[in-house]
file data_34.cif (mmCIF, C-alpha atoms and all ligand atoms)
data_protein
loop_
_atom_site.label_atom_id
_atom_site.label_comp_id
_atom_site.auth_asym_id
_atom_site.auth_seq_id
_atom_site.Cartn_x
_atom_site.Cartn_y
_atom_site.Cartn_z
CA MET A 177 65.42 26.62 -41.34
CA ASN A 178 62.26 27.53 -39.42
CA PRO A 179 60.25 25.00 -37.37
CA PHE A 180 57.54 24.72 -40.06
CA ARG A 181 60.00 23.77 -42.78
CA TYR A 182 61.62 21.31 -40.41
CA ILE A 183 58.19 19.69 -39.81
CA ASP A 184 57.48 19.58 -43.56
CA SER A 185 60.72 17.79 -44.29
CA ASN A 186 60.59 15.44 -41.28
CA MET A 187 57.15 13.91 -41.60
CA LYS A 188 58.65 10.53 -42.46
CA ASN A 189 60.33 10.46 -39.04
CA LEU A 190 57.14 11.52 -37.30
CA VAL A 191 55.24 8.68 -38.94
CA SER A 192 57.93 6.08 -38.26
CA ASP A 193 58.15 7.12 -34.60
CA LEU A 194 54.36 6.86 -34.36
CA GLN A 195 54.61 3.37 -35.85
CA LEU A 196 57.16 2.44 -33.17
CA LEU A 197 54.70 3.55 -30.53
CA ILE A 198 51.78 1.66 -32.10
CA ARG A 199 53.86 -1.51 -32.43
CA GLN A 200 54.43 -1.49 -28.69
CA PRO A 201 51.04 -2.66 -27.36
CA SER A 202 50.14 -0.85 -24.13
CA VAL A 203 46.71 -2.05 -23.07
CA SER A 204 46.12 -0.74 -19.56
CA ALA A 205 42.97 -2.85 -19.09
CA LYS A 206 45.11 -5.98 -19.38
CA ASN A 207 48.38 -4.54 -18.06
CA GLU A 208 49.92 -5.49 -21.37
CA GLY A 209 53.14 -3.71 -22.38
CA ILE A 210 52.67 -0.79 -19.99
CA GLU A 211 56.21 -0.80 -18.54
CA GLU A 212 57.73 -1.31 -21.99
CA CYS A 213 55.73 1.52 -23.52
CA SER A 214 56.63 3.97 -20.76
CA LYS A 215 60.30 3.25 -21.49
CA LEU A 216 59.75 3.69 -25.21
CA VAL A 217 58.12 7.08 -24.63
CA LYS A 218 61.09 8.14 -22.52
CA LYS A 219 63.39 7.09 -25.35
CA LEU A 220 61.43 9.03 -27.95
CA LEU A 221 61.45 12.13 -25.76
CA ALA A 222 65.22 11.85 -25.38
CA LYS A 223 65.62 11.45 -29.15
CA SER A 224 63.77 14.75 -29.62
CA GLY A 225 65.85 16.53 -27.00
CA VAL A 226 63.53 16.35 -24.01
CA LYS A 227 64.89 15.10 -20.69
CA SER A 228 62.46 12.87 -18.89
CA GLU A 229 62.01 10.58 -15.94
CA ILE A 230 59.63 7.80 -15.05
CA LEU A 231 57.57 8.62 -11.97
CA ARG A 232 55.93 5.99 -9.82
CA LEU A 233 53.31 6.02 -7.10
CA LYS A 234 53.24 2.46 -5.85
CA LYS A 235 53.30 -1.11 -7.08
CA GLY A 236 50.44 -1.95 -9.40
CA VAL A 237 50.02 1.63 -10.63
CA ALA A 238 51.16 2.42 -14.17
CA PRO A 239 54.25 4.65 -14.27
CA LEU A 240 53.91 8.22 -15.49
CA VAL A 241 56.45 9.66 -17.91
CA TYR A 242 57.41 13.21 -17.02
CA GLY A 243 59.39 15.33 -19.45
CA GLU A 244 60.63 18.86 -19.08
CA ILE A 245 62.50 21.42 -21.09
CA LYS A 246 63.27 24.94 -19.96
CA SER A 247 63.16 27.91 -22.28
CA LYS A 248 66.26 30.10 -22.41
CA SER A 249 64.46 32.99 -24.03
CA ASN A 250 61.29 32.88 -21.97
CA PRO A 251 61.57 30.97 -18.69
CA ALA A 252 58.58 32.74 -17.12
CA ARG A 253 55.81 30.84 -18.90
CA THR A 254 55.18 27.11 -18.67
CA LEU A 255 52.96 25.06 -20.94
CA LEU A 256 52.06 21.50 -19.94
CA PHE A 257 51.11 18.78 -22.40
CA TYR A 258 48.95 16.08 -20.92
CA ASN A 259 48.87 12.78 -22.83
CA HIS A 260 48.59 9.06 -22.24
CA TYR A 261 50.61 6.18 -23.64
CA ASP A 262 48.08 3.43 -22.85
CA VAL A 263 45.45 2.26 -25.33
CA GLN A 264 42.09 0.52 -25.38
CA PRO A 265 42.01 -3.25 -25.91
CA ALA A 266 42.04 -4.03 -29.64
CA GLU A 267 39.32 -6.70 -29.53
CA PRO A 268 37.47 -7.84 -31.61
CA PHE A 269 40.64 -8.64 -33.57
CA GLU A 270 38.77 -10.21 -36.49
CA LEU A 271 37.19 -6.86 -37.40
CA TRP A 272 40.57 -5.27 -38.13
CA ASP A 273 41.71 -5.21 -41.77
CA ASP A 274 45.34 -5.36 -40.60
CA PRO A 275 46.72 -6.50 -37.24
CA PRO A 276 45.89 -3.79 -34.68
CA PHE A 277 49.49 -3.26 -33.58
CA SER A 278 51.02 -3.21 -37.07
CA GLY A 279 51.03 0.55 -37.58
CA LYS A 280 50.32 -0.01 -41.24
CA VAL A 281 50.41 3.07 -43.49
CA LYS A 282 47.91 3.23 -46.34
CA GLY A 283 47.91 6.48 -48.29
CA ASN A 284 47.24 9.36 -45.89
CA LYS A 285 46.42 7.10 -42.93
CA VAL A 286 48.37 5.32 -40.22
CA PHE A 287 46.30 2.45 -38.84
CA GLY A 288 46.52 0.79 -35.46
CA ARG A 289 45.26 0.79 -31.92
CA GLY A 290 46.39 4.07 -30.41
CA SER A 291 47.28 5.64 -33.78
CA ALA A 292 44.96 8.52 -32.93
CA ASP A 293 44.11 7.93 -29.27
CA ASP A 294 46.55 8.95 -27.96
CA LYS A 295 49.87 8.07 -29.52
CA GLY A 296 49.18 10.22 -32.59
CA GLU A 297 48.47 13.25 -30.41
CA LEU A 298 51.53 12.60 -28.27
CA ILE A 299 53.85 12.38 -31.25
CA THR A 300 52.71 15.77 -32.63
CA ARG A 301 53.68 17.43 -29.35
CA ILE A 302 57.02 15.71 -29.09
CA LYS A 303 57.81 16.60 -32.71
CA ALA A 304 56.70 20.22 -32.27
CA VAL A 305 59.20 20.61 -29.45
CA GLU A 306 61.84 18.85 -31.54
CA ALA A 307 61.18 21.21 -34.47
CA CYS A 308 61.75 24.25 -32.24
CA LEU A 309 64.88 22.81 -30.66
CA LYS A 310 66.43 21.69 -33.93
CA THR A 311 65.82 24.97 -35.72
CA THR A 312 66.18 27.62 -33.01
CA GLY A 313 68.07 25.78 -30.27
CA ASP A 314 65.34 26.75 -27.82
CA VAL A 315 61.66 26.39 -26.99
CA PRO A 316 59.44 29.53 -26.93
CA CYS A 317 58.23 28.73 -23.39
CA ASN A 318 58.98 26.11 -20.75
CA VAL A 319 57.40 22.83 -21.69
CA LYS A 320 56.32 19.98 -19.44
CA PHE A 321 55.04 16.57 -20.52
CA VAL A 322 52.78 14.57 -18.25
CA ILE A 323 52.14 11.23 -19.95
CA GLU A 324 50.11 8.76 -17.95
CA GLY A 325 49.42 5.07 -18.53
CA GLU A 326 45.93 4.57 -17.11
CA GLU A 327 43.74 6.97 -19.09
CA GLU A 328 41.81 4.26 -20.90
CA THR A 329 40.85 2.60 -17.64
CA GLY A 330 39.63 5.87 -16.14
CA SER A 331 42.82 7.64 -14.95
CA ALA A 332 42.41 6.11 -11.51
CA HIS A 333 45.66 7.60 -10.17
CA ILE A 334 46.19 10.82 -12.08
CA GLU A 335 44.80 12.82 -9.20
CA ASP A 336 47.27 11.16 -6.81
CA TYR A 337 50.11 11.91 -9.22
CA LEU A 338 48.98 15.53 -9.56
CA LYS A 339 48.81 15.93 -5.80
CA LYS A 340 52.16 14.27 -5.16
CA TYR A 341 53.97 16.17 -7.92
CA GLN A 342 51.95 19.38 -7.78
CA LYS A 343 55.09 21.54 -7.64
CA LYS A 344 56.91 19.66 -10.37
CA PHE A 345 53.87 19.88 -12.67
CA SER A 346 53.10 23.54 -11.92
CA CYS A 347 52.28 25.43 -15.11
CA ASP A 348 50.31 28.31 -16.61
CA GLY A 349 48.30 26.34 -19.14
CA VAL A 350 47.49 22.76 -20.05
CA ILE A 351 47.03 21.36 -23.54
CA TRP A 352 44.67 18.44 -23.20
CA GLU A 353 45.51 14.94 -24.42
CA PHE A 354 43.37 15.02 -27.57
CA GLY A 355 41.66 17.35 -29.93
CA TYR A 356 39.17 16.66 -32.68
CA VAL A 357 38.99 17.77 -36.27
CA ASP A 358 35.45 17.75 -37.65
CA SER A 359 34.09 16.20 -40.85
CA LYS A 360 34.94 19.40 -42.76
CA ASP A 361 38.54 19.44 -41.46
CA ARG A 362 37.95 22.23 -38.97
CA PRO A 363 39.86 21.85 -35.71
CA ILE A 364 37.87 22.07 -32.53
CA VAL A 365 39.26 24.12 -29.66
CA GLY A 366 37.71 22.36 -26.70
CA LEU A 367 37.23 24.17 -23.40
CA GLY A 368 35.76 21.46 -21.24
CA MET A 369 34.92 17.86 -20.49
CA LYS A 370 31.90 16.29 -18.91
CA GLY A 371 32.24 14.29 -15.72
CA LEU A 372 31.34 10.65 -15.27
CA LEU A 373 29.77 8.38 -12.75
CA PHE A 374 30.06 4.67 -13.50
CA VAL A 375 27.99 2.26 -11.44
CA GLU A 376 26.86 -1.32 -11.45
CA LEU A 377 23.40 -2.25 -10.23
CA SER A 378 22.70 -5.87 -9.43
CA VAL A 379 19.85 -7.83 -8.00
CA THR A 380 19.59 -11.42 -6.82
CA GLU A 381 16.23 -13.15 -6.46
CA SER A 382 17.33 -16.74 -5.82
CA ILE A 383 20.60 -18.41 -4.85
CA ARG A 384 20.88 -20.23 -8.19
CA ASP A 385 19.36 -20.41 -11.67
CA ALA A 386 16.17 -22.47 -11.88
CA HIS A 387 14.12 -24.34 -14.48
CA SER A 388 11.93 -21.65 -16.01
CA SER A 389 8.76 -23.63 -15.27
CA LEU A 390 9.25 -22.25 -11.77
CA ALA A 391 8.69 -18.72 -13.06
CA VAL A 392 5.16 -19.00 -11.68
CA LEU A 393 6.67 -18.99 -8.18
CA ILE A 394 10.21 -17.72 -8.23
CA LYS A 395 10.85 -14.08 -9.01
CA ASN A 396 12.98 -13.17 -11.97
CA PRO A 397 15.77 -10.65 -11.21
CA ALA A 398 15.87 -9.42 -14.80
CA TRP A 399 12.27 -8.16 -14.51
CA ARG A 400 13.12 -6.60 -11.17
CA LEU A 401 16.09 -4.79 -12.62
CA ILE A 402 14.11 -3.57 -15.62
CA GLU A 403 11.44 -2.16 -13.32
CA ALA A 404 14.10 -0.27 -11.38
CA LEU A 405 15.77 0.97 -14.55
CA LYS A 406 12.47 2.31 -15.85
CA THR A 407 12.35 4.70 -12.87
CA LEU A 408 15.75 6.26 -13.64
CA ARG A 409 15.06 7.95 -16.94
CA ASP A 410 12.18 8.87 -19.20
CA GLU A 411 12.03 8.05 -22.90
CA ASN A 412 13.38 11.49 -23.84
CA GLY A 413 16.54 10.98 -21.82
CA LYS A 414 15.50 13.09 -18.83
CA ILE A 415 16.88 11.64 -15.61
CA LEU A 416 14.11 11.15 -13.06
CA ILE A 417 16.27 10.84 -9.92
CA LYS A 418 15.27 13.47 -7.35
CA ASP A 419 17.54 16.55 -7.38
CA TRP A 420 19.76 15.07 -10.11
CA TYR A 421 19.97 18.46 -11.87
CA LYS A 422 19.84 20.57 -8.71
CA ASP A 423 23.43 21.92 -8.81
CA VAL A 424 23.62 22.47 -12.56
CA VAL A 425 24.36 26.03 -13.65
CA PRO A 426 22.57 27.10 -16.84
CA PHE A 427 24.63 28.14 -19.88
CA SER A 428 25.90 31.72 -19.80
CA LYS A 429 25.13 34.11 -22.65
CA THR A 430 28.68 33.66 -23.97
CA ASP A 431 28.32 29.87 -23.82
CA LEU A 432 25.07 30.03 -25.77
CA ASP A 433 26.61 32.37 -28.29
CA ILE A 434 29.53 29.97 -28.87
CA ILE A 435 27.22 26.95 -29.03
CA SER A 436 24.92 28.62 -31.56
CA LYS A 437 27.92 29.40 -33.80
CA GLU A 438 29.31 25.90 -33.57
CA PRO A 439 28.60 24.01 -36.77
CA PHE A 440 26.89 20.70 -36.26
CA ASP A 441 26.67 18.19 -39.05
CA GLU A 442 23.54 16.41 -37.95
CA LYS A 443 23.25 14.46 -41.18
CA SER A 444 26.82 13.05 -41.11
CA LEU A 445 26.44 12.00 -37.50
CA LYS A 446 23.19 10.19 -38.24
CA GLU A 447 24.72 8.56 -41.29
CA GLU A 448 27.83 7.47 -39.38
CA PHE A 449 25.66 5.52 -36.93
CA GLY A 450 22.80 4.61 -39.25
CA VAL A 451 20.12 6.32 -37.17
CA ASP A 452 17.13 8.38 -38.37
CA SER A 453 16.57 10.45 -35.26
CA PHE A 454 18.18 11.38 -31.95
CA VAL A 455 16.99 10.79 -28.39
CA GLY A 456 13.87 12.86 -27.64
CA ASN A 457 13.88 13.90 -31.31
CA LEU A 458 16.47 16.56 -30.52
CA ARG A 459 17.69 18.55 -33.48
CA GLY A 460 19.59 21.71 -34.34
CA LEU A 461 20.52 23.94 -31.42
CA ASP A 462 18.90 21.60 -28.89
CA ALA A 463 21.02 18.69 -30.06
CA LYS A 464 24.14 20.87 -29.80
CA LYS A 465 23.20 22.02 -26.31
CA ALA A 466 22.73 18.39 -25.26
CA LEU A 467 26.16 17.42 -26.57
CA VAL A 468 27.81 20.29 -24.70
CA GLY A 469 25.82 20.34 -21.49
CA GLY A 470 23.43 17.44 -21.25
CA ALA A 471 23.63 14.90 -18.44
CA THR A 472 23.04 11.29 -19.44
CA CYS A 473 22.04 7.97 -17.93
CA ASN A 474 23.34 5.32 -20.31
CA ILE A 475 23.06 1.55 -20.04
CA ALA A 476 26.54 0.39 -20.97
CA GLY A 477 25.72 -3.29 -20.61
CA ILE A 478 23.04 -5.52 -19.18
CA VAL A 479 23.21 -9.25 -18.49
CA SER A 480 21.09 -11.97 -16.98
CA GLY A 481 20.28 -15.57 -17.81
CA TYR A 482 21.07 -17.27 -21.09
CA THR A 483 22.11 -15.18 -24.11
CA GLY A 484 23.88 -17.88 -26.13
CA GLU A 485 22.79 -19.59 -29.32
CA GLY A 486 19.39 -21.21 -29.60
CA ALA A 487 16.95 -21.63 -26.76
CA LYS A 488 17.44 -22.39 -23.09
CA THR A 489 14.51 -22.18 -20.72
CA VAL A 490 16.16 -20.84 -17.62
CA LEU A 491 15.13 -18.61 -14.77
CA PRO A 492 18.24 -16.65 -13.81
CA GLY A 493 19.22 -16.07 -10.19
CA THR A 494 20.82 -12.66 -10.73
CA ALA A 495 20.73 -9.73 -13.09
CA LEU A 496 23.27 -6.98 -13.51
CA VAL A 497 23.52 -3.69 -15.35
CA LYS A 498 26.40 -1.28 -15.84
CA ILE A 499 25.42 2.37 -16.16
CA ASP A 500 27.41 5.44 -17.04
CA PHE A 501 26.07 8.83 -16.10
CA ARG A 502 27.71 11.81 -17.81
CA LEU A 503 27.88 14.72 -15.41
CA VAL A 504 28.02 18.43 -16.17
CA PRO A 505 29.77 21.22 -14.20
CA LYS A 506 28.90 21.55 -10.51
CA MET A 507 27.53 18.02 -10.27
CA ASP A 508 29.54 16.35 -7.53
CA PRO A 509 29.92 12.61 -8.24
CA LYS A 510 29.70 11.73 -4.53
CA LYS A 511 26.47 13.67 -4.11
CA GLN A 512 25.02 12.10 -7.25
CA VAL A 513 25.74 8.60 -5.91
CA MET A 514 23.81 9.46 -2.75
CA ARG A 515 20.95 10.76 -4.86
CA LEU A 516 20.88 7.54 -6.88
CA LYS A 517 20.87 5.38 -3.74
CA ASN A 518 18.14 7.48 -2.15
CA HIS A 519 16.09 7.26 -5.28
CA LEU A 520 16.23 3.46 -5.37
CA LYS A 521 15.29 3.28 -1.71
CA LEU A 522 12.43 5.73 -2.15
CA LYS A 523 11.06 3.77 -5.09
CA GLY A 524 11.14 0.51 -3.14
CA PHE A 525 14.26 -0.98 -4.67
CA SER A 526 16.40 -1.35 -1.54
CA ASP A 527 17.22 -4.88 -2.68
CA ILE A 528 19.22 -3.51 -5.60
CA ASP A 529 22.90 -3.39 -4.87
CA VAL A 530 24.84 -0.32 -6.07
CA LYS A 531 28.54 -0.62 -6.73
CA VAL A 532 30.44 2.54 -7.72
CA PHE A 533 33.37 2.09 -10.07
CA HIS A 534 34.33 5.58 -10.97
CA GLY A 535 33.34 9.16 -10.36
CA GLU A 536 34.79 12.37 -11.68
CA ALA A 537 33.53 15.90 -11.97
CA ALA A 538 33.19 17.97 -15.14
CA ALA A 539 35.49 20.90 -15.97
CA ARG A 540 35.30 23.99 -18.18
CA THR A 541 37.76 26.73 -19.02
CA ASP A 542 36.34 30.25 -19.14
CA PRO A 543 35.98 31.32 -22.80
CA SER A 544 37.37 34.77 -21.88
CA ASP A 545 40.71 33.37 -20.65
CA PRO A 546 43.56 34.76 -22.83
CA PHE A 547 44.88 31.20 -23.28
CA VAL A 548 41.73 30.47 -25.31
CA THR A 549 42.54 33.28 -27.75
CA GLN A 550 46.15 32.11 -28.12
CA VAL A 551 45.14 28.54 -28.93
CA LYS A 552 42.34 29.67 -31.25
CA GLU A 553 44.69 31.95 -33.20
CA ALA A 554 47.27 29.18 -33.53
CA ALA A 555 44.58 26.78 -34.77
CA ASP A 556 43.20 29.32 -37.27
CA GLU A 557 46.68 29.92 -38.68
CA SER A 558 47.65 26.27 -39.03
CA TYR A 559 44.47 24.52 -40.17
CA GLY A 560 42.21 27.34 -41.35
CA LYS A 561 39.15 28.39 -39.42
CA SER A 562 38.78 26.66 -36.07
CA ILE A 563 35.69 26.14 -33.92
CA ILE A 564 35.33 26.77 -30.21
CA ASN A 565 33.52 24.09 -28.25
CA VAL A 566 32.32 24.93 -24.74
CA SER A 567 32.59 21.32 -23.63
CA ASN A 568 33.33 17.97 -25.15
CA ALA A 569 30.60 15.38 -24.73
CA GLY A 570 33.15 12.92 -23.34
CA THR A 571 34.98 12.67 -20.04
CA GLY A 572 38.55 13.06 -18.88
CA PRO A 573 40.29 14.02 -15.65
CA MET A 574 40.30 17.71 -16.60
CA PHE A 575 38.73 18.71 -13.32
CA SER A 576 41.73 17.32 -11.41
CA PHE A 577 44.18 19.31 -13.55
CA ALA A 578 42.21 22.55 -13.34
CA ASP A 579 41.60 22.11 -9.64
CA ILE A 580 45.08 21.02 -8.50
CA LEU A 581 47.32 22.90 -10.95
CA LYS A 582 45.02 25.94 -11.07
CA SER A 583 45.60 26.24 -14.79
CA PRO A 584 43.24 26.58 -17.72
CA CYS A 585 42.96 23.43 -19.86
CA ILE A 586 42.26 23.39 -23.58
CA SER A 587 42.04 20.52 -26.01
CA ILE A 588 43.36 20.84 -29.54
CA GLY A 589 44.72 18.05 -31.68
CA SER A 590 44.87 15.86 -34.75
CA THR A 591 42.10 13.32 -34.26
CA TYR A 592 39.69 13.25 -37.19
CA MET A 593 36.26 12.84 -35.61
CA PHE A 594 35.53 9.62 -37.51
CA SER A 595 38.93 8.04 -36.97
CA ARG A 596 37.34 5.08 -35.14
CA ILE A 597 39.04 5.52 -31.82
CA HIS A 598 38.22 2.65 -29.42
CA SER A 599 37.00 0.65 -32.48
CA PRO A 600 38.57 -1.65 -35.07
CA ASN A 601 40.60 0.04 -37.83
CA GLU A 602 41.49 3.11 -35.76
CA PHE A 603 43.60 5.50 -37.79
CA ALA A 604 45.41 8.84 -37.74
CA ARG A 605 45.51 11.11 -40.79
CA ILE A 606 49.03 12.11 -41.75
CA ASP A 607 47.95 15.52 -43.11
CA LEU A 608 46.34 16.32 -39.76
CA LEU A 609 49.36 15.11 -37.81
CA LYS A 610 51.41 17.63 -39.79
CA LYS A 611 49.01 20.54 -39.30
CA THR A 612 48.72 19.78 -35.60
CA THR A 613 52.48 19.66 -35.09
CA LYS A 614 52.65 23.14 -36.65
CA CYS A 615 49.74 24.30 -34.53
CA ILE A 616 51.50 23.14 -31.35
CA CYS A 617 54.58 25.16 -32.38
CA LEU A 618 52.42 28.25 -32.81
CA ILE A 619 50.70 27.70 -29.47
CA MET A 620 54.08 27.55 -27.71
CA GLU A 621 55.13 30.74 -29.47
CA LYS A 622 51.97 32.73 -28.72
CA PHE A 623 51.77 31.40 -25.19
CA GLY A 624 55.42 32.24 -24.55
CA ARG A 625 54.99 35.77 -25.84
CA SER A 626 51.93 36.49 -23.69
ZN ZN B 1 40.65 6.74 -25.54
#
call {"tool": "encode", "arguments": {"input": "data_34.cif", "output": "C-alpha cells"}}
result
Amino acid sequence: MNPFRYIDSNMKNLVSDLQLLIRQPSVSAKNEGIEECSKLVKKLLAKSGVKSEILRLKKGVAPLVYGEIKSKSNPARTLLFYNHYDVQPAEPFELWDDPPFSGKVKGNKVFGRGSADDKGELITRIKAVEACLKTTGDVPCNVKFVIEGEEETGSAHIEDYLKKYQKKFSCDGVIWEFGYVDSKDRPIVGLGMKGLLFVELSVTESIRDAHSSLAVLIKNPAWRLIEALKTLRDENGKILIKDWYKDVVPFSKTDLDIISKEPFDEKSLKEEFGVDSFVGNLRGLDAKKALVGGATCNIAGIVSGYTGEGAKTVLPGTALVKIDFRLVPKMDPKKQVMRLKNHLKLKGFSDIDVKVFHGEAAARTDPSDPFVTQVKEAADESYGKSIINVSNAGTGPMFSFADILKSPCISIGSTYMFSRIHSPNEFARIDLLKKTTKCICLIMEKFGRS
C-alpha cells in the first residue's frame, strides 16, 4: 500500500482522532485543559509512531509538545511542523448550533472550537507521518513537531522556547501552523505573516464617575480619548504617526508579480461580511496589496461610561481603548511604540497612558527559495492549482522561527477560508483534511529528495 491509499482508507481514524482533540477543551486564555491537552497530543503522536516529550520553561507557562522522528533513508534533511494545541475561548456559547467541544460531524464537516484552528491542521500532519511510517516503514526526511499551547494568547513564550531549544529544534524548513484554502478550493501557499503591536490607551479625567449635569465643568475622558484617536489615522486608513512607515521596504518586482496573479474574490469577501465597500474605497490590485503589505491601526475595543440597557446620565471618570497595529516587514515593534508615544506627546496628549501588551515583527520567506517550489508543487499535485501569497494579513510568531532557526517558513494547510475560526460554529472540511494530509506527504517527499 502507498501512503495515499493508506490515507484514503483511514479517514475515519483521522476524523475520530480530531474529535478526541476537540473534545478536550484547551482554552489558553482561561488556562482550561492545557495540561490535559498537551498529554493527549503526546498520546496521539505515540499512536502514530512519533516519539515525543513535553517541554517546560517555568511554572505558569503552557508546556510545549516536541515530537521527533528520524529518517533512515534521508537523515540529512529536517522538516519542522509548527502547530498549537490551544484554542480560542468558545464564547458566546449560545451562538453555537451544537456544543463547541462536541466535535460533531455533519456531512463533510467536523464542527467544534479548534476543529480548524489548529487541531485540524495538526491532525493532518500527524496522520501524514503515520501514513508514511505504516506503508514504507520510514519517513522521507527527518520530521520535528513543535506544538505550543499559547498561540491564541499571542505565543508569549515561543521565542523563549526557540532560544532554549534552538539545537533540538534545528531544521531546514518550517511548515507553518495553518494554511488557507480559498472560496474556490485553491490552497494558498503562504510565505509570510504580518507583525503586531497591541496597546491599550487610557485616560482619566476625574477620580470617580459623576452626575452628567457636571459635564459643564468636569472634563469627559471619552471625548479626550476620541480626540487623541482622531490624530492616529485618517479616514482612508493611513496612519498619521510620524515616521510610522519609515522603515518599510516597498514590494519587489517579484512580489508585485505574485500579488497581481493572486486571485481575489472581492465580491465573496464583501458578501461574507455584509459590506458594500472597503476602507478608502480600495479595490482590485490595491485591495490585494493592502492585504499583503498594508499596516493597520485598528480599534479592537473601546469602553467608557454606561453602555447597558436604557439610559443612565453619567459622566465617566476614565476611558480606555485597545488598539492593534498590524506591522509589515522591517517595522520594529519597539521602535513603533516609541513613535506612538512621541506622537501623543507631540500632539499634546501626554495625559494618555500607553500600555503595551504585545509586539512582534513581520516575517517573509523569499519567493525564490527552493522550499517554496517544493511546497507549491506538492500543493498543485494534491489539491489542483495552488496560489502563492506573499504574506498573510494576519500575525504569528514567524519572525522568531525564521530569525532563531534560520529556516524558511511556509504556510500550507486545510483551513477553508470561511470556516469561522475564532467564531461560533467553527468547522473543518473532511475533504480538505484528506487532501492536506496527502499534500504533507508530498512535501516531505520532495523536501527529502532536495
Ligand atoms: Zn487562532
call {"tool": "residues_around", "arguments": {"input": "data_34.cif", "residues": "range 417-420 of chain A", "least_positions_apart": "2", "cutoff": "12 Å", "atoms": "all atoms listed in the file", "output": "PyMOL selection string"}}
result
chain A and resi 404-410+413-415+422-424+470-473+501-504+506-523
call {"tool": "residues_around", "arguments": {"input": "data_34.cif", "residues": "range 446-463 of chain A", "least_positions_apart": "4", "cutoff": "9 Å", "atoms": "all atoms listed in the file", "output": "number ranges by chain"}}
result
A: 411-414, 435-436, 440-442, 467-468, 594
call {"tool": "residues_near_ligand", "arguments": {"input": "data_34.cif", "ligand": "ligand ZN 1 (chain B)", "cutoff": "12 Å", "atoms": "all atoms listed in the file", "output": "VMD selection string"}}
result
chain A and resid 203 to 205 259 to 266 289 to 297 325 to 331 353 to 355 570 to 572 591 595 to 599 602
call {"tool": "residues_around", "arguments": {"input": "data_34.cif", "residues": "Val191 in chain A", "least_positions_apart": "6", "cutoff": "12 Å", "atoms": "all atoms listed in the file", "output": "PDB file with C-alpha atoms, keeping the file's coordinate frame"}}
result
ATOM      1  CA  ILE A 183      58.190  19.690 -39.810  1.00  0.00           C
ATOM      2  CA  SER A 185      60.720  17.790 -44.290  1.00  0.00           C
ATOM      3  CA  LEU A 197      54.700   3.550 -30.530  1.00  0.00           C
ATOM      4  CA  ILE A 198      51.780   1.660 -32.100  1.00  0.00           C
ATOM      5  CA  GLY A 279      51.030   0.550 -37.580  1.00  0.00           C
ATOM      6  CA  LYS A 280      50.320  -0.010 -41.240  1.00  0.00           C
ATOM      7  CA  VAL A 281      50.410   3.070 -43.490  1.00  0.00           C
ATOM      8  CA  LYS A 282      47.910   3.230 -46.340  1.00  0.00           C
ATOM      9  CA  ASN A 284      47.240   9.360 -45.890  1.00  0.00           C
ATOM     10  CA  LYS A 285      46.420   7.100 -42.930  1.00  0.00           C
ATOM     11  CA  VAL A 286      48.370   5.320 -40.220  1.00  0.00           C
ATOM     12  CA  PHE A 287      46.300   2.450 -38.840  1.00  0.00           C
ATOM     13  CA  SER A 291      47.280   5.640 -33.780  1.00  0.00           C
ATOM     14  CA  ALA A 292      44.960   8.520 -32.930  1.00  0.00           C
ATOM     15  CA  LYS A 295      49.870   8.070 -29.520  1.00  0.00           C
ATOM     16  CA  GLY A 296      49.180  10.220 -32.590  1.00  0.00           C
ATOM     17  CA  GLU A 297      48.470  13.250 -30.410  1.00  0.00           C
ATOM     18  CA  LEU A 298      51.530  12.600 -28.270  1.00  0.00           C
ATOM     19  CA  ILE A 299      53.850  12.380 -31.250  1.00  0.00           C
ATOM     20  CA  THR A 300      52.710  15.770 -32.630  1.00  0.00           C
ATOM     21  CA  LYS A 303      57.810  16.600 -32.710  1.00  0.00           C
ATOM     22  CA  ALA A 604      45.410   8.840 -37.740  1.00  0.00           C
ATOM     23  CA  ARG A 605      45.510  11.110 -40.790  1.00  0.00           C
ATOM     24  CA  ILE A 606      49.030  12.110 -41.750  1.00  0.00           C
ATOM     25  CA  ASP A 607      47.950  15.520 -43.110  1.00  0.00           C
ATOM     26  CA  LEU A 608      46.340  16.320 -39.760  1.00  0.00           C
ATOM     27  CA  LEU A 609      49.360  15.110 -37.810  1.00  0.00           C
ATOM     28  CA  LYS A 610      51.410  17.630 -39.790  1.00  0.00           C
ATOM     29  CA  THR A 613      52.480  19.660 -35.090  1.00  0.00           C
TER      30      THR A 613
END
call {"tool": "residues_around", "arguments": {"input": "data_34.cif", "residues": "range 309-322 of chain A", "least_positions_apart": "2", "cutoff": "6 Å", "atoms": "all atoms listed in the file", "output": "ChimeraX atom specification"}}
result
/A:177-179,242-247,250-251,253-258,306-307,620-621,624
call {"tool": "residues_around", "arguments": {"input": "data_34.cif", "residues": "range 487-493 of chain A", "least_positions_apart": "5", "cutoff": "8 Å", "atoms": "only C-alpha atoms", "output": "compact mmCIF listing (two decimals) with C-alpha atoms, in the frame of the given file"}}
result
# COMPACT_ATOMS: atom_id res chain seq x y z
CA THR A 380 19.59 -11.42 -6.82
CA GLU A 381 16.23 -13.15 -6.46
CA SER A 382 17.33 -16.74 -5.82
CA ILE A 383 20.60 -18.41 -4.85
CA ARG A 384 20.88 -20.23 -8.19
CA ASP A 385 19.36 -20.41 -11.67
CA ALA A 386 16.17 -22.47 -11.88
CA HIS A 387 14.12 -24.34 -14.48
CA SER A 388 11.93 -21.65 -16.01
CA LEU A 390 9.25 -22.25 -11.77
CA ALA A 391 8.69 -18.72 -13.06
CA ASN A 396 12.98 -13.17 -11.97
CA PRO A 397 15.77 -10.65 -11.21
CA ALA A 398 15.87 -9.42 -14.80
CA SER A 480 21.09 -11.97 -16.98
CA GLY A 481 20.28 -15.57 -17.81
CA TYR A 482 21.07 -17.27 -21.09
call {"tool": "closest_residue", "arguments": {"input": "data_34.cif", "among": "A:Lys611, A:Lys552, A:Lys622, A:Arg301", "to": "Ile364 in chain A", "atoms": "all atoms listed in the file"}}
result
A:Lys552
call {"tool": "residues_near_point", "arguments": {"input": "data_34.cif", "point": "(38.7, 28.9, -20.2)", "cutoff": "6 Å", "atoms": "all atoms listed in the file", "output": "list in words"}}
result
Leu367, Thr541, Asp542, Pro543, Asp545 and Pro584 of chain A
call {"tool": "atom_distance", "arguments": {"input": "data_34.cif", "atom1": "CA of Cys615 in chain A", "atom2": "CA of Ala554 in chain A"}}
result
5.6 Å
call {"tool": "closest_residue", "arguments": {"input": "data_34.cif", "among": "A:Ile351, A:Ile564, A:Ile619, A:Ile394", "to": "Asp433 in chain A", "atoms": "all atoms listed in the file"}}
result
A:Ile564
